[in-house]
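Listing of entry_20.txt, compact mmCIF, C-alpha atoms and all ligand atoms
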```
# COMPACT_ATOMS: atom_id res chain seq x y z
CA ALA A 6 0.71 21.07 -7.02
CA ARG A 7 -1.53 23.66 -8.55
CA LYS A 8 -1.40 26.82 -6.54
CA GLY A 9 -4.56 28.73 -5.86
CA LYS A 10 -6.92 25.97 -6.91
CA THR A 11 -9.07 24.42 -4.24
CA PRO A 12 -9.88 20.71 -4.54
CA GLU A 13 -13.42 21.65 -5.52
CA GLU A 14 -12.14 23.90 -8.32
CA VAL A 15 -9.85 21.14 -9.63
CA VAL A 16 -12.70 18.62 -9.69
CA LYS A 17 -15.12 21.05 -11.35
CA ARG A 18 -12.76 21.62 -14.28
CA TYR A 19 -13.41 18.03 -15.35
CA LEU A 20 -17.19 18.10 -14.89
CA GLN A 21 -20.23 18.98 -16.93
CA LYS A 22 -23.41 20.21 -15.32
CA VAL A 23 -26.17 17.68 -14.80
CA ARG A 24 -29.71 19.04 -14.97
CA ASN A 25 -31.69 16.02 -13.86
CA SER A 26 -29.92 13.44 -11.76
CA PRO A 27 -30.89 9.91 -12.76
CA GLU A 28 -32.25 7.42 -10.26
CA GLU A 29 -28.87 5.78 -9.90
CA ASP A 30 -26.52 5.33 -6.99
CA CYS A 31 -23.23 7.15 -6.75
CA THR A 32 -20.65 4.35 -6.80
CA ILE A 33 -18.33 6.26 -4.47
CA CYS A 34 -20.73 6.56 -1.50
CA MET A 35 -23.42 4.05 -2.66
CA GLU A 36 -26.20 6.60 -1.96
CA THR A 37 -28.70 7.72 -4.57
CA LEU A 38 -27.71 10.62 -6.82
CA LEU A 39 -31.15 12.13 -6.09
CA GLY A 40 -30.08 12.80 -2.49
CA PRO A 41 -27.00 14.28 -0.85
CA SER A 42 -23.55 12.70 -0.79
CA GLY A 43 -23.17 9.97 1.82
CA TYR A 44 -19.64 11.15 2.43
CA LYS A 45 -19.33 12.75 5.84
CA GLY A 46 -15.90 13.99 6.61
CA PRO A 47 -13.94 17.00 7.69
CA GLY A 48 -13.97 19.92 5.32
CA VAL A 49 -17.06 18.90 3.42
CA ALA A 50 -18.77 22.14 2.57
CA SER A 51 -22.40 22.08 1.60
CA VAL A 52 -22.99 22.59 -2.10
CA SER A 53 -26.09 23.89 -3.73
CA ARG A 54 -28.55 21.36 -5.03
CA ALA A 55 -27.99 22.50 -8.63
CA GLU A 56 -24.37 21.39 -8.61
CA SER A 57 -24.53 18.48 -6.17
CA VAL A 58 -24.03 15.96 -8.99
CA GLY A 59 -21.42 16.15 -11.73
CA ARG A 60 -20.80 14.28 -14.98
CA LEU A 61 -17.16 13.54 -15.82
CA ALA A 62 -16.74 15.25 -19.18
CA GLN A 63 -14.96 12.53 -21.16
CA CYS A 64 -16.40 9.23 -19.86
CA GLY A 65 -19.80 10.52 -18.73
CA HIS A 66 -19.87 8.78 -15.35
CA LEU A 67 -21.90 10.56 -12.68
CA TYR A 68 -21.02 11.15 -9.02
CA HIS A 69 -21.86 13.46 -6.18
CA LEU A 70 -19.58 16.46 -6.45
CA GLN A 71 -18.71 16.08 -2.77
CA CYS A 72 -17.76 12.44 -3.30
CA LEU A 73 -15.34 13.37 -6.08
CA VAL A 74 -13.85 16.12 -3.92
CA ALA A 75 -13.42 13.66 -1.03
CA MET A 76 -11.76 11.15 -3.38
CA TYR A 77 -9.44 13.86 -4.69
CA ASN A 78 -8.51 14.88 -1.14
CA ASN A 79 -7.63 11.27 -0.31
CA GLY A 80 -5.16 11.11 -3.20
CA ASN A 81 -1.98 13.05 -3.73
CA LYS A 82 -3.77 16.20 -4.94
CA ASP A 83 -1.72 16.64 -8.10
CA GLY A 84 -4.45 18.32 -10.12
CA SER A 85 -5.52 15.08 -11.81
CA LEU A 86 -8.57 12.90 -11.26
CA GLN A 87 -9.24 9.28 -12.24
CA CYS A 88 -12.77 7.98 -12.76
CA PRO A 89 -13.17 5.18 -10.18
CA THR A 90 -15.48 3.27 -12.54
CA CYS A 91 -13.66 3.24 -15.88
CA LYS A 92 -10.24 4.62 -14.85
CA THR A 93 -10.31 7.46 -17.40
CA ILE A 94 -7.69 9.99 -16.31
CA TYR A 95 -8.38 13.72 -16.28
CA GLY A 96 -5.24 15.84 -16.30
CA VAL A 97 -1.83 14.23 -15.77
CA LYS A 98 -1.67 11.51 -13.16
CA THR A 99 1.40 11.53 -10.91
CA GLY A 100 2.44 9.29 -8.04
CA ASN A 101 4.42 9.51 -4.80
CA GLN A 102 7.65 7.72 -5.77
CA PRO A 103 10.46 8.92 -3.52
CA PRO A 104 13.57 10.61 -4.97
CA GLY A 105 16.12 8.37 -6.67
CA LYS A 106 17.78 7.51 -9.96
CA MET A 107 16.79 5.64 -13.13
CA GLU A 108 19.52 4.61 -15.56
CA TYR A 109 19.63 2.26 -18.53
CA HIS A 110 22.03 0.82 -21.04
CA VAL A 111 22.18 -1.93 -23.63
CA ILE A 112 23.92 -5.18 -22.73
CA PRO A 113 25.17 -7.52 -25.51
CA HIS A 114 23.16 -10.57 -24.48
CA SER A 115 19.74 -11.89 -25.47
CA LEU A 116 16.77 -12.60 -23.23
CA PRO A 117 15.05 -16.00 -23.42
CA GLY A 118 12.43 -15.57 -26.15
CA TYR A 119 14.28 -12.67 -27.82
CA SER A 120 17.33 -14.41 -29.33
CA ASP A 121 17.53 -11.95 -32.23
CA CYS A 122 18.22 -8.78 -30.23
CA LYS A 123 20.27 -7.43 -27.37
CA THR A 124 18.85 -6.39 -24.01
CA ILE A 125 18.08 -3.11 -22.29
CA ARG A 126 18.95 -3.11 -18.61
CA ILE A 127 17.29 -0.51 -16.40
CA ILE A 128 18.76 0.20 -12.99
CA TYR A 129 16.60 1.86 -10.38
CA ASN A 130 18.15 3.18 -7.24
CA ILE A 131 16.18 4.70 -4.40
CA PRO A 132 17.73 5.37 -0.99
CA PRO A 133 15.76 5.18 2.25
CA GLY A 134 14.41 8.48 3.52
CA ILE A 135 11.69 10.29 5.37
CA GLN A 136 8.09 10.19 4.18
CA GLY A 137 6.54 13.36 2.82
CA PRO A 138 2.96 14.60 3.11
CA GLU A 139 2.06 12.48 0.03
CA HIS A 140 3.04 9.23 1.80
CA PRO A 141 1.09 6.98 4.21
CA ASN A 142 2.96 8.12 7.36
CA PRO A 143 4.36 11.63 6.87
CA ARG A 144 7.60 12.39 8.80
CA LYS A 145 8.18 8.68 9.52
CA PRO A 146 11.21 7.02 7.88
CA PHE A 147 10.80 4.57 5.00
CA THR A 148 13.13 1.72 4.11
CA ALA A 149 14.30 0.78 0.60
CA ARG A 150 15.15 -2.92 0.14
CA GLY A 151 16.89 -4.71 -2.69
CA PHE A 152 18.21 -1.60 -4.46
CA PRO A 153 19.68 -1.16 -6.98
CA ARG A 154 16.91 -3.11 -8.74
CA HIS A 155 17.81 -4.32 -12.23
CA CYS A 156 15.11 -4.77 -14.88
CA TYR A 157 15.21 -6.07 -18.43
CA LEU A 158 13.58 -5.36 -21.77
CA PRO A 159 14.39 -6.72 -25.23
CA ASP A 160 16.25 -4.08 -27.26
CA ASN A 161 13.77 -4.19 -30.14
CA GLU A 162 11.22 -1.65 -31.34
CA LYS A 163 8.54 -2.58 -28.81
CA GLY A 164 11.01 -2.84 -25.94
CA ARG A 165 12.39 0.62 -26.74
CA LYS A 166 8.86 1.99 -26.79
CA VAL A 167 8.25 0.52 -23.33
CA LEU A 168 11.51 2.13 -22.17
CA ARG A 169 10.42 5.57 -23.46
CA LEU A 170 7.14 5.25 -21.59
CA LEU A 171 8.85 4.01 -18.43
CA LEU A 172 11.01 7.14 -18.51
CA VAL A 173 7.80 9.21 -18.56
CA ALA A 174 6.39 7.10 -15.73
CA TRP A 175 9.56 7.71 -13.72
CA ASP A 176 9.29 11.48 -14.21
CA ARG A 177 5.67 11.32 -13.06
CA ARG A 178 6.73 9.33 -9.97
CA LEU A 179 4.68 6.30 -10.94
CA ILE A 180 7.21 3.41 -10.91
CA PHE A 181 7.50 3.00 -7.15
CA SER A 182 5.43 3.96 -4.16
CA VAL A 183 5.77 3.83 -0.38
CA GLY A 184 3.63 1.28 1.45
CA THR A 185 3.51 -2.31 2.64
CA SER A 186 5.38 -4.91 0.60
CA SER A 187 3.16 -7.83 -0.34
CA THR A 188 6.28 -9.99 -0.66
CA THR A 189 7.85 -9.28 2.73
CA GLY A 190 4.97 -7.75 4.71
CA GLU A 191 7.20 -4.85 5.71
CA SER A 192 5.40 -1.52 6.00
CA ASP A 193 6.76 1.96 5.28
CA THR A 194 9.01 0.68 2.54
CA VAL A 195 9.56 1.37 -1.16
CA ILE A 196 7.40 -0.95 -3.29
CA TRP A 197 6.69 -1.44 -6.96
CA ASN A 198 3.66 0.49 -8.15
CA GLU A 199 1.24 -0.91 -10.73
CA VAL A 200 3.64 -1.25 -13.69
CA HIS A 201 5.25 -4.69 -13.80
CA HIS A 202 8.95 -5.08 -14.41
CA LYS A 203 11.08 -8.07 -15.33
CA THR A 204 13.80 -8.39 -12.73
CA GLU A 205 15.26 -11.76 -13.77
CA PHE A 206 17.55 -12.03 -16.76
CA GLY A 207 18.30 -15.58 -17.84
CA SER A 208 15.79 -17.55 -15.78
CA ASN A 209 12.25 -17.30 -14.47
CA LEU A 210 12.37 -18.58 -10.90
CA THR A 211 10.24 -15.74 -9.48
CA GLY A 212 7.79 -15.43 -12.35
CA HIS A 213 9.31 -12.00 -13.00
CA GLY A 214 11.56 -13.28 -15.77
CA PHE A 215 11.59 -14.41 -19.40
CA PRO A 216 10.32 -15.98 -21.59
CA ASP A 217 6.97 -14.21 -21.36
CA SER A 218 5.52 -13.48 -24.76
CA GLY A 219 2.70 -11.37 -23.31
CA TYR A 220 4.85 -9.10 -21.18
CA LEU A 221 5.39 -6.13 -23.49
CA ALA A 222 1.69 -5.92 -24.34
CA ASN A 223 0.75 -6.21 -20.65
CA VAL A 224 3.12 -3.50 -19.52
CA LEU A 225 1.86 -1.17 -22.26
CA GLU A 226 -1.66 -1.72 -20.88
CA GLU A 227 -0.45 -1.04 -17.34
CA LEU A 228 1.23 2.17 -18.49
CA LYS A 229 -1.96 3.19 -20.27
CA ALA A 230 -3.88 2.68 -17.02
CA GLN A 231 -1.52 5.28 -15.53
CA GLY A 232 -2.28 7.67 -18.41
CA ILE A 233 0.97 7.00 -20.26
CA THR A 234 0.79 6.28 -24.00
CA GLU A 235 2.51 7.51 -27.14
CA ASP A 236 -0.71 8.97 -28.55
CA GLU A 237 -0.20 12.57 -29.57
CA GLU A 238 -3.33 13.65 -27.78
CA GLN A 239 -1.91 12.38 -24.48
CA GLN A 240 -2.60 14.87 -21.72
P1 LIG B 1 5.49 -6.06 -3.56
O1 LIG B 1 5.99 -7.35 -3.07
O2 LIG B 1 4.59 -5.30 -2.67
O3 LIG B 1 4.81 -6.29 -4.95
C1 LIG B 1 4.31 -5.21 -5.73
C2 LIG B 1 4.32 -5.65 -7.16
O4 LIG B 1 5.65 -6.00 -7.56
C3 LIG B 1 3.47 -6.88 -7.41
O5 LIG B 1 2.77 -6.64 -8.59
C4 LIG B 1 4.46 -7.98 -7.59
O6 LIG B 1 3.99 -8.93 -8.52
C5 LIG B 1 5.67 -7.27 -8.12
N1 LIG B 1 6.89 -7.98 -7.73
C6 LIG B 1 7.11 -8.66 -6.58
N2 LIG B 1 8.34 -9.17 -6.57
C7 LIG B 1 8.91 -8.82 -7.74
C8 LIG B 1 10.17 -9.07 -8.34
N3 LIG B 1 11.12 -9.80 -7.74
N4 LIG B 1 10.40 -8.56 -9.56
C9 LIG B 1 9.48 -7.82 -10.19
N5 LIG B 1 8.27 -7.56 -9.70
C10 LIG B 1 7.99 -8.05 -8.48
O7 LIG B 1 6.68 -5.09 -4.00
P2 LIG B 1 8.17 -5.05 -3.53
O8 LIG B 1 8.29 -5.30 -2.09
O9 LIG B 1 8.73 -3.80 -4.10
O10 LIG B 1 8.76 -6.23 -4.39
C11 LIG B 1 9.40 -7.34 -3.86
C12 LIG B 1 10.76 -7.52 -4.56
O11 LIG B 1 11.60 -6.41 -4.17
C13 LIG B 1 11.53 -8.73 -4.12
O12 LIG B 1 11.26 -9.85 -4.87
C14 LIG B 1 12.97 -8.24 -4.28
O13 LIG B 1 13.33 -8.26 -5.65
C15 LIG B 1 12.89 -6.86 -3.85
N6 LIG B 1 13.11 -6.80 -2.42
C16 LIG B 1 14.33 -7.11 -1.94
C17 LIG B 1 14.58 -7.06 -0.58
C18 LIG B 1 15.93 -7.33 -0.03
O14 LIG B 1 16.12 -7.20 1.16
N7 LIG B 1 16.87 -7.69 -0.89
C19 LIG B 1 13.55 -6.73 0.29
C20 LIG B 1 12.30 -6.44 -0.21
C21 LIG B 1 12.10 -6.48 -1.58
ZN ZN B 2 -21.71 9.87 -3.64
ZN ZN B 3 -15.74 6.88 -16.09
```
Encoded form using structure tokens:
Amino acid sequence: ARKGKTPEEVVKRYLQKVRNSPEEDCTICMETLLGPSGYKGPGVASVSRAESVGRLAQCGHLYHLQCLVAMYNNGNKDGSLQCPTCKTIYGVKTGNQPPGKMEYHVIPHSLPGYSDCKTIRIIYNIPPGIQGPEHPNPRKPFTARGFPRHCYLPDNEKGRKVLRLLLVAWDRRLIFSVGTSSTTGESDTVIWNEVHHKTEFGSNLTGHGFPDSGYLANVLEELKAQGITEDEEQQ
């Protein structure tokens, strides 16, 4: 968390001033940008007309300032902001993965589709615990099913790149989340976040196994959507 910065100050760092609002709707509240924000909620201070609309500096998308502040307040308030239209990330996106451990090692066996290399096995372990303020039901317990969870990557150049980025994702708390499992329907439990993992080694009974020639490219895209790439200019 960024001390001393109000949500409005965080949002404004990523905005450019807009002199004349266009006759478009704000896609957060669906009201026209010519009028006030349609967002009515607690803690919505009135802002002057001159700064009621902001342009996100990198992607150029326009929103009511108050709508962006409301969106920021609904997230985990980590100092980052993601454009809801094009998903451009401002700052460093982090998640609400509970505490745990990520380990990996190479095992001397090949995955279906990768007969010419060994395999990286990642082991995630997260114990059950109590939800924090960043979780859906603060102070309530959460469960953690099926841990340790084992995941597999080919031990080739692309697989090792995915591993490096997954380590960054882990540090930014983006691999798991707390919520309702779409597989079991259980709420207040540890669930995979939006980066797919391969949890089956020699078979593909669940669809989360190999062979899958598109997997490494897909997971790199999913990591990119979380703001994680190997580009030097990464924020
Ligand atoms: P989820 O079901 O809410 O799904 C979230 C994402 O994870 C989805 O994108 C989904 O496609 C993906 N996913 C679902 N099952 C997966 C799997 N087996 N391997 C890799 N990705 C998977 O998320 P969740 O509840 O964290 O995932 C369900 C999986 O977790 C189960 O298949 C199982 O492996 C494990 N689990 C085990 C127990 C247990 O009691 N042993 C209980 C719950 C979940
Ligand atoms: Zn709006
Ligand atoms: Zn955008």
Exercise for review: Please write out the residues within 8 Å of ligand ZN 2 (chain B) as a list in words, counting all atoms listed in the file.
Suggested key: Asp30, Cys31, Thr32, Ile33, Cys34, Met35, Glu36, Thr37, Leu38, Pro41, Ser42, Gly43, Tyr44, Tyr68, His69, Leu70, Gln71, Cys72 and Leu73 of chain A
Check your understanding: What do you get as a count of residues only if you pick all residues at most 8 Å from ligand LIG 1 (chain B), counting only C-alpha atoms and all ligand atoms?
Key -> 31
Residues of stretch 50-124 of chain A at most 8 Å from stretch 130-140 of chain A: nearest atom pair and distance in Å, only C-alpha atoms, as a tab-separated table:
```
residue	atom	partner	partner_atom	distance
A:Asn81	CA	A:Glu139	CA	5.5
A:Asn101	CA	A:Glu139	CA	6.1
A:Pro103	CA	A:Ile131	CA	7.2
A:Pro104	CA	A:Ile131	CA	6.5
A:Gly105	CA	A:Ile131	CA	4.3
A:Lys106	CA	A:Asn130	CA	5.1
A:Met107	CA	A:Asn130	CA	6.5
```
May I have a table of the residues of chain A lying at most 7 Å from ligand ZN 3 (chain B), giving each one's closest pair of atoms and their distance in Å to one decimal, counting all atoms listed in the file, ordered by chain and ascending residue number, as CSV?
```
residue,atom,partner,partner_atom,distance
A:Leu61,CA,B:ZN3,ZN,6.8
A:Cys64,CA,B:ZN3,ZN,4.5
A:Gly65,CA,B:ZN3,ZN,6.1
A:His66,CA,B:ZN3,ZN,4.6
A:Cys88,CA,B:ZN3,ZN,4.6
A:Pro89,CA,B:ZN3,ZN,6.7
A:Thr90,CA,B:ZN3,ZN,5.1
A:Cys91,CA,B:ZN3,ZN,4.2
A:Lys92,CA,B:ZN3,ZN,6.1
A:Thr93,CA,B:ZN3,ZN,5.6
```
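Going from atom CA of A:Pro143 to atom CA of A:Ala75 covers 19.6 Å.
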Exercise for review: Measure the distance from atom CA of A:Gly219 to atom CA of A:Val97 in Å and round it to one decimal.
Suggested key: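 Going from atom CA of A:Gly219 over to atom CA of A:Val97, I get 27.1 Å.
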Check your understanding: Between A:Asn161, A:Asn25, A:Ser192, A:Ser85, which one has atoms that come closest to A:Lys145, using only C-alpha atoms?
Key ->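 Looking at the shortest contact to A:Lys145, the residue is A:Ser192.
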Exercise for review: Have a look at atom CA of A:Pro141 and atom CA of A:Gln102 and let me know their distance in Å, one decimal.
Suggested key: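 Calculated distance between atom CA of A:Pro141 and atom CA of A:Gln102 is 12.0 Å.
Minimum atom-to-atom distance to A:Ser218, evaluated using only C-alpha atoms, belongs to A:Tyr119 out of A:Tyr95, A:Tyr109, A:Tyr19, A:Tyr119.
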Surrounding residues of A:Ala174 excluding itself and chain neighbours under 4 positions, 8 Å, only C-alpha atoms, as a short mmCIF file (atom, residue, chain, number, x, y, z; two decimals) with C-alpha atoms, in the frame of the given file:
```cif
data_model
loop_
_atom_site.label_atom_id
_atom_site.label_comp_id
_atom_site.auth_asym_id
_atom_site.auth_seq_id
_atom_site.Cartn_x
_atom_site.Cartn_y
_atom_site.Cartn_z
CA LEU A 170 7.14 5.25 -21.59
CA ARG A 178 6.73 9.33 -9.97
CA LEU A 179 4.68 6.30 -10.94
CA ILE A 180 7.21 3.41 -10.91
CA LEU A 228 1.23 2.17 -18.49
CA ILE A 233 0.97 7.00 -20.26
#
```
Check your understanding: Got a sec: who's within 10 Å of A:Val111, counting only C-alpha atoms, leaving out chain neighbours fewer than 2 positions off, as a ChimeraX atom specification?
Key -> /A:109,113-114,123-127,157-160
**Study point:** Selected residue, from A:Met76, A:Val167, A:Leu116, A:Leu86, that lies nearest to A:Val15 when counting all atoms listed in the file
**Key:** A:Leu86
